>>> print(open('input_1.cif').read())   # mmCIF, C-alpha atoms
data_coords
loop_
_atom_site.label_atom_id
_atom_site.label_comp_id
_atom_site.auth_asym_id
_atom_site.auth_seq_id
_atom_site.Cartn_x
_atom_site.Cartn_y
_atom_site.Cartn_z
CA TYR A 8 -44.25 -7.43 -44.50
CA LEU A 9 -45.21 -9.65 -47.43
CA VAL A 10 -48.26 -11.44 -46.06
CA ALA A 11 -49.41 -14.76 -47.56
CA THR A 12 -53.21 -14.99 -47.56
CA PRO A 13 -55.62 -17.92 -48.05
CA ILE A 14 -56.17 -19.26 -51.55
CA GLY A 15 -59.62 -20.49 -50.56
CA ALA A 16 -60.35 -21.52 -46.99
CA ALA A 17 -60.21 -18.37 -44.86
CA ARG A 18 -58.95 -20.32 -41.83
CA ASP A 19 -55.67 -21.05 -43.63
CA ILE A 20 -54.43 -17.62 -42.52
CA THR A 21 -51.56 -17.87 -40.04
CA LEU A 22 -51.64 -16.44 -36.53
CA ARG A 23 -48.59 -14.32 -37.34
CA ALA A 24 -50.31 -12.90 -40.41
CA LEU A 25 -53.29 -11.88 -38.28
CA ASP A 26 -50.94 -10.18 -35.83
CA VAL A 27 -49.24 -8.23 -38.62
CA LEU A 28 -52.53 -7.19 -40.25
CA ASN A 29 -53.74 -6.00 -36.86
CA GLY A 30 -50.61 -4.02 -36.04
CA ALA A 31 -49.25 -2.63 -39.33
CA ASP A 32 -49.30 1.14 -39.75
CA LEU A 33 -50.26 0.95 -43.43
CA LEU A 34 -51.97 -1.84 -45.35
CA ALA A 35 -51.61 -2.46 -49.09
CA ALA A 36 -53.44 -4.97 -51.21
CA GLU A 37 -53.77 -6.12 -54.79
CA ASP A 38 -57.54 -5.72 -54.26
CA THR A 39 -58.57 -3.67 -51.24
CA ARG A 40 -62.03 -5.31 -51.12
CA VAL A 41 -60.51 -8.78 -50.79
CA LEU A 42 -58.33 -7.70 -47.88
CA ARG A 43 -61.20 -5.87 -46.16
CA HIS A 44 -63.33 -9.03 -46.43
CA LEU A 45 -60.54 -11.20 -45.00
CA MET A 46 -60.06 -8.81 -42.10
CA ASP A 47 -63.80 -8.72 -41.43
CA ILE A 48 -63.91 -12.54 -41.30
CA HIS A 49 -61.19 -12.60 -38.65
CA GLY A 50 -62.43 -9.58 -36.70
CA ILE A 51 -59.48 -7.27 -37.40
CA PRO A 52 -60.52 -3.59 -37.25
CA LEU A 53 -59.07 -0.92 -39.51
CA ARG A 54 -59.01 1.69 -36.71
CA GLY A 55 -58.73 4.51 -39.23
CA ARG A 56 -55.87 2.93 -41.17
CA ARG A 57 -55.76 3.17 -44.94
CA ILE A 58 -55.68 0.20 -47.32
CA LEU A 59 -53.71 1.32 -50.35
CA SER A 60 -54.41 -0.31 -53.70
CA TYR A 61 -51.23 -1.76 -55.21
CA HIS A 62 -51.30 -3.89 -58.38
CA ASP A 63 -49.65 -4.31 -61.77
CA HIS A 64 -51.38 -1.34 -63.34
CA ASN A 65 -50.76 1.29 -60.66
CA GLY A 66 -47.51 0.09 -59.08
CA ASP A 67 -45.36 3.01 -60.27
CA ARG A 68 -47.87 5.52 -58.89
CA ALA A 69 -48.61 3.70 -55.61
CA ARG A 70 -45.10 2.59 -54.66
CA PRO A 71 -43.75 6.01 -53.53
CA ALA A 72 -46.38 6.29 -50.76
CA LEU A 73 -45.48 2.85 -49.42
CA LEU A 74 -41.75 3.57 -49.55
CA ALA A 75 -42.32 6.92 -47.84
CA ALA A 76 -44.14 5.19 -44.99
CA LEU A 77 -41.20 2.81 -44.58
CA ALA A 78 -38.71 5.69 -44.67
CA GLU A 79 -40.60 7.34 -41.81
CA GLY A 80 -40.23 4.20 -39.71
CA GLY A 81 -43.73 2.86 -40.29
CA SER A 82 -44.63 -0.77 -40.93
CA VAL A 83 -46.35 -1.76 -44.17
CA ALA A 84 -48.21 -5.04 -44.78
CA TYR A 85 -48.74 -6.03 -48.41
CA CYS A 86 -51.21 -8.79 -49.37
CA SER A 87 -51.90 -10.31 -52.77
CA ASP A 88 -55.44 -11.41 -53.64
CA ALA A 89 -54.61 -14.95 -52.57
CA GLY A 90 -51.50 -16.97 -51.86
CA THR A 91 -47.91 -15.89 -51.40
CA PRO A 92 -46.91 -12.39 -52.57
CA LEU A 93 -44.39 -12.16 -55.42
CA VAL A 94 -45.39 -15.57 -56.84
CA ALA A 95 -47.20 -14.66 -60.09
CA ASP A 96 -48.08 -11.43 -58.31
CA PRO A 97 -47.21 -7.71 -58.58
CA GLY A 98 -45.22 -7.37 -55.35
CA TYR A 99 -41.77 -8.06 -56.81
CA ARG A 100 -40.82 -4.44 -57.57
CA LEU A 101 -42.15 -3.27 -54.20
CA ALA A 102 -39.95 -5.75 -52.32
CA LEU A 103 -36.94 -4.86 -54.48
CA ASP A 104 -37.31 -1.09 -54.03
CA ALA A 105 -37.93 -1.45 -50.29
CA ALA A 106 -34.79 -3.57 -49.87
CA GLU A 107 -32.71 -1.16 -51.96
CA ALA A 108 -34.01 1.74 -49.83
CA GLY A 109 -32.64 -0.01 -46.75
CA ALA A 110 -35.96 -1.18 -45.31
CA ARG A 111 -36.22 -4.58 -43.67
CA VAL A 112 -38.40 -6.90 -45.74
CA HIS A 113 -40.11 -9.81 -43.98
CA ALA A 114 -41.95 -12.65 -45.72
CA LEU A 115 -44.77 -14.27 -43.77
CA PRO A 116 -45.06 -17.81 -45.20
CA GLY A 117 -48.42 -19.35 -45.80
CA PRO A 118 -50.72 -20.61 -48.56
CA SER A 119 -49.38 -21.13 -52.07
CA ALA A 120 -51.42 -22.66 -54.89
CA ALA A 121 -48.26 -23.84 -56.65
CA LEU A 122 -46.91 -25.74 -53.63
CA ALA A 123 -50.34 -27.07 -52.64
CA ALA A 124 -50.80 -28.53 -56.13
CA LEU A 125 -47.30 -30.01 -56.11
CA SER A 126 -47.92 -31.61 -52.71
CA LEU A 127 -51.09 -33.40 -53.75
CA SER A 128 -50.02 -34.24 -57.31
CA GLY A 129 -48.08 -37.34 -56.37
CA LEU A 130 -45.29 -36.23 -58.71
CA PRO A 131 -41.61 -35.89 -57.68
CA SER A 132 -41.09 -32.79 -55.55
CA ASP A 133 -37.33 -32.90 -55.02
CA ARG A 134 -36.79 -30.70 -58.09
CA PHE A 135 -39.52 -28.53 -59.53
CA LEU A 136 -39.91 -25.42 -61.66
CA PHE A 137 -42.70 -22.86 -61.42
CA LEU A 138 -43.52 -21.39 -64.83
CA GLY A 139 -46.49 -19.10 -64.23
CA PHE A 140 -49.00 -18.78 -67.09
CA PRO A 141 -48.25 -20.17 -70.59
CA PRO A 142 -48.54 -17.75 -73.54
CA SER A 143 -52.12 -17.33 -74.73
CA THR A 144 -51.45 -17.61 -78.47
CA ALA A 145 -51.09 -21.07 -80.02
CA THR A 146 -47.69 -20.70 -81.72
CA ALA A 147 -46.05 -19.02 -78.75
CA ARG A 148 -47.55 -21.56 -76.35
CA GLN A 149 -46.27 -24.54 -78.37
CA THR A 150 -42.77 -23.08 -78.57
CA TRP A 151 -42.86 -22.30 -74.85
CA LEU A 152 -44.02 -25.83 -73.96
CA ARG A 153 -41.39 -27.53 -76.12
CA LYS A 154 -38.70 -25.51 -74.35
CA TRP A 155 -39.81 -26.29 -70.80
CA LEU A 156 -40.95 -29.90 -71.34
CA ALA A 157 -37.32 -30.78 -72.07
CA VAL A 158 -36.24 -29.67 -68.58
CA ASP A 159 -35.54 -32.49 -66.13
CA SER A 160 -37.89 -31.19 -63.45
CA THR A 161 -41.51 -31.38 -62.34
CA LEU A 162 -43.27 -28.38 -63.90
CA ILE A 163 -45.97 -26.23 -62.28
CA LEU A 164 -48.18 -24.01 -64.44
CA PHE A 165 -51.09 -21.69 -63.79
CA GLU A 166 -53.78 -21.67 -66.47
CA SER A 167 -57.15 -20.13 -67.18
CA PRO A 168 -59.91 -22.78 -67.06
CA ARG A 169 -60.97 -21.62 -70.53
CA ARG A 170 -57.56 -22.43 -71.98
CA VAL A 171 -56.78 -25.77 -70.29
CA ASN A 172 -58.16 -27.70 -73.29
CA ARG A 173 -55.84 -25.85 -75.65
CA THR A 174 -52.81 -26.37 -73.46
CA LEU A 175 -53.57 -30.10 -73.19
CA ALA A 176 -53.97 -30.32 -76.97
CA ASP A 177 -50.55 -28.74 -77.40
CA LEU A 178 -49.08 -31.13 -74.82
CA CYS A 179 -50.49 -34.06 -76.78
CA GLN A 180 -48.66 -32.91 -79.91
CA ILE A 181 -45.37 -32.86 -78.01
CA ASP A 182 -45.63 -35.63 -75.40
CA PRO A 183 -49.07 -37.31 -75.14
CA ASP A 184 -47.81 -39.75 -72.50
CA ARG A 185 -46.57 -37.08 -70.07
CA ILE A 186 -48.21 -37.62 -66.67
CA THR A 187 -50.35 -34.57 -65.98
CA VAL A 188 -52.24 -33.44 -62.89
CA ILE A 189 -54.90 -30.73 -62.98
CA ALA A 190 -55.85 -29.26 -59.61
CA ARG A 191 -58.63 -26.71 -59.36
CA GLU A 192 -60.24 -24.69 -56.59
CA LEU A 193 -57.61 -25.80 -54.07
CA THR A 194 -58.76 -25.63 -50.42
CA LYS A 195 -62.25 -24.59 -51.54
CA LYS A 196 -65.56 -26.47 -51.38
CA PHE A 197 -65.34 -27.82 -54.93
CA GLU A 198 -61.65 -28.80 -54.88
CA GLU A 199 -60.93 -31.34 -57.61
CA VAL A 200 -57.81 -33.19 -58.76
CA ILE A 201 -57.69 -34.97 -62.13
CA ARG A 202 -54.73 -37.21 -62.97
CA GLY A 203 -53.65 -39.06 -66.10
CA THR A 204 -51.54 -38.73 -69.22
CA ALA A 205 -51.92 -35.60 -71.31
CA ALA A 206 -53.85 -37.66 -73.89
CA GLU A 207 -56.21 -39.08 -71.25
CA LEU A 208 -56.94 -35.66 -69.79
CA ALA A 209 -57.46 -34.12 -73.24
CA ALA A 210 -60.23 -36.70 -73.79
CA ASP A 211 -61.76 -36.29 -70.32
CA PRO A 212 -65.20 -34.59 -70.56
CA ARG A 213 -64.63 -32.83 -67.21
CA ILE A 214 -61.94 -30.64 -68.73
CA ALA A 215 -64.39 -28.81 -71.01
CA THR A 216 -66.43 -27.58 -68.04
CA LEU A 217 -63.64 -26.59 -65.65
CA LYS A 218 -64.28 -23.55 -63.49
CA GLY A 219 -62.26 -21.66 -60.91
CA GLU A 220 -58.53 -21.38 -60.29
CA VAL A 221 -56.47 -24.06 -62.09
CA VAL A 222 -52.94 -25.35 -61.50
CA ILE A 223 -51.35 -27.87 -63.89
CA VAL A 224 -48.48 -30.08 -62.68
CA LEU A 225 -46.43 -32.03 -65.24
CA ASP A 226 -44.13 -34.96 -64.56
CA ARG A 227 -40.50 -34.71 -65.61
CA PRO A 228 -39.52 -36.28 -68.96
CA SER A 229 -39.23 -40.02 -69.16
CA GLU A 230 -35.84 -41.44 -70.03
CA VAL A 231 -35.18 -41.35 -73.76
CA VAL A 232 -34.42 -44.77 -75.20
CA VAL A 233 -32.10 -44.44 -78.18
CA ASP A 234 -32.81 -46.88 -81.01
CA ASP A 235 -30.48 -48.00 -83.79
#
>>> encode(input="input_1.cif", output="structure tokens")
Amino acid sequence: YLVATPIGAARDITLRALDVLNGADLLAAEDTRVLRHLMDIHGIPLRGRRILSYHDHNGDRARPALLAALAEGGSVAYCSDAGTPLVADPGYRLALDAAEAGARVHALPGPSAALAALSLSGLPSDRFLFLGFPPSTATARQTWLRKWLAVDSTLILFESPRRVNRTLADLCQIDPDRITVIARELTKKFEEVIRGTAAELAADPRIATLKGEVVIVLDRPSEVVVDD
């Protein structure tokens, strides 16, 4: 089971997810402390079950134990730190190997920062592209942005709050009038949504002090008017 978990508000967990966390034979989590805390909030006991750590850095070592449990007929519930597993998350290889081994893989839908940001952005949602995190170096980021900004689709990016200013500056060099929405701390107490053109947001003093989890949503390109 790939279990979507809250991105902020603990009550966003689904009833089905609680059932699976309560009944699974083996639990796995990107961060075992985060899952233990979530289970404590909702009163789900461990009853002697293990929570296996599974993340980008130990996946090759941890995956065999999870696959062995599945091969023996056990049920395994995997949770990312927050949101939907496999979306900017280390669960992809686990799901692939489990499916190739003949195990049934179930996805429990639930919170997703990318879709939450798209929903509240006010930008077209009939065609969108999730891009994950931009490159951290300036040259690579500018090349990456030029490539994706040409795509006729609403774009969804994750970004570190410390790098939002740099990403906006790069956007301004390419398309300063592109409608941009910055959503931070979604579903949490200090949720904030800032809208405007890339140039307007680059000049907004709030951007320099951003904290927490940040999602950037970009409008699709405006129609190009060809001159003489």
>>> resolve_selection(input="input_1.cif", expression="the PyMOL selection byres ((chain A and resi 168) around 9)", output="list of chain:residue names")
A:Glu166, A:Ser167, A:Arg169, A:Arg170, A:Val171, A:Asn172, A:Arg191, A:Ile214, A:Ala215, A:Thr216, A:Leu217, A:Lys218, A:Gly219, A:Glu220, A:Val221
>>> write_last_selection(input="input_1.cif", atoms="C-alpha atoms", output="PDB file, in the coordinates of the input")
ATOM      1  CA  GLU A 166     -53.780 -21.670 -66.470  1.00  0.00           C
ATOM      2  CA  SER A 167     -57.150 -20.130 -67.180  1.00  0.00           C
ATOM      3  CA  ARG A 169     -60.970 -21.620 -70.530  1.00  0.00           C
ATOM      4  CA  ARG A 170     -57.560 -22.430 -71.980  1.00  0.00           C
ATOM      5  CA  VAL A 171     -56.780 -25.770 -70.290  1.00  0.00           C
ATOM      6  CA  ASN A 172     -58.160 -27.700 -73.290  1.00  0.00           C
ATOM      7  CA  ARG A 191     -58.630 -26.710 -59.360  1.00  0.00           C
ATOM      8  CA  ILE A 214     -61.940 -30.640 -68.730  1.00  0.00           C
ATOM      9  CA  ALA A 215     -64.390 -28.810 -71.010  1.00  0.00           C
ATOM     10  CA  THR A 216     -66.430 -27.580 -68.040  1.00  0.00           C
ATOM     11  CA  LEU A 217     -63.640 -26.590 -65.650  1.00  0.00           C
ATOM     12  CA  LYS A 218     -64.280 -23.550 -63.490  1.00  0.00           C
ATOM     13  CA  GLY A 219     -62.260 -21.660 -60.910  1.00  0.00           C
ATOM     14  CA  GLU A 220     -58.530 -21.380 -60.290  1.00  0.00           C
ATOM     15  CA  VAL A 221     -56.470 -24.060 -62.090  1.00  0.00           C
TER      16      VAL A 221
END
>>> closest_atom_pairs(input="input_1.cif", of="region 81-100 of chain A", to="region 115-125 of chain A", cutoff="10 Å", atoms="only C-alpha atoms", output="tab-separated table")
residue	atom	partner	partner_atom	distance
A:Ala84	CA	A:Leu115	CA	9.9
A:Ala89	CA	A:Pro118	CA	8.0
A:Gly90	CA	A:Ser119	CA	4.7
A:Thr91	CA	A:Ser119	CA	5.5
A:Pro92	CA	A:Ser119	CA	9.1
A:Val94	CA	A:Ser119	CA	8.3
A:Ala95	CA	A:Ala121	CA	9.9
>>> resolve_selection(input="input_1.cif", expression="the PyMOL selection byres ((chain A and resi 139-152) around 6)", output="list in words")
Leu138, Arg153, Lys154, Trp155, Leu156, Leu164, Phe165 and Glu166 of chain A
>>> closest_residue(input="input_1.cif", among="A:Asp26, A:Asp67, A:Asp234, A:Asp226", to="Asp104 (chain A)", atoms="all atoms listed in the file")
A:Asp67
>>> resolve_selection(input="input_1.cif", expression="the PyMOL selection byres ((chain A and resi 76) around 12)", output="PDB file with C-alpha atoms, keeping the file's coordinate frame")
ATOM      1  CA  ALA A  31     -49.250  -2.630 -39.330  1.00  0.00           C
ATOM      2  CA  ASP A  32     -49.300   1.140 -39.750  1.00  0.00           C
ATOM      3  CA  LEU A  33     -50.260   0.950 -43.430  1.00  0.00           C
ATOM      4  CA  LEU A  34     -51.970  -1.840 -45.350  1.00  0.00           C
ATOM      5  CA  ALA A  35     -51.610  -2.460 -49.090  1.00  0.00           C
ATOM      6  CA  ARG A  57     -55.760   3.170 -44.940  1.00  0.00           C
ATOM      7  CA  LEU A  59     -53.710   1.320 -50.350  1.00  0.00           C
ATOM      8  CA  ALA A  69     -48.610   3.700 -55.610  1.00  0.00           C
ATOM      9  CA  ARG A  70     -45.100   2.590 -54.660  1.00  0.00           C
ATOM     10  CA  PRO A  71     -43.750   6.010 -53.530  1.00  0.00           C
ATOM     11  CA  ALA A  72     -46.380   6.290 -50.760  1.00  0.00           C
ATOM     12  CA  LEU A  73     -45.480   2.850 -49.420  1.00  0.00           C
ATOM     13  CA  LEU A  74     -41.750   3.570 -49.550  1.00  0.00           C
ATOM     14  CA  ALA A  75     -42.320   6.920 -47.840  1.00  0.00           C
ATOM     15  CA  LEU A  77     -41.200   2.810 -44.580  1.00  0.00           C
ATOM     16  CA  ALA A  78     -38.710   5.690 -44.670  1.00  0.00           C
ATOM     17  CA  GLU A  79     -40.600   7.340 -41.810  1.00  0.00           C
ATOM     18  CA  GLY A  80     -40.230   4.200 -39.710  1.00  0.00           C
ATOM     19  CA  GLY A  81     -43.730   2.860 -40.290  1.00  0.00           C
ATOM     20  CA  SER A  82     -44.630  -0.770 -40.930  1.00  0.00           C
ATOM     21  CA  VAL A  83     -46.350  -1.760 -44.170  1.00  0.00           C
ATOM     22  CA  ALA A  84     -48.210  -5.040 -44.780  1.00  0.00           C
ATOM     23  CA  ALA A 105     -37.930  -1.450 -50.290  1.00  0.00           C
ATOM     24  CA  ALA A 108     -34.010   1.740 -49.830  1.00  0.00           C
ATOM     25  CA  ALA A 110     -35.960  -1.180 -45.310  1.00  0.00           C
TER      26      ALA A 110
END
>>> atom_distance(input="input_1.cif", atom1="CA of His62 (chain A)", atom2="CA of Arg100 (chain A)")
10.5 Å
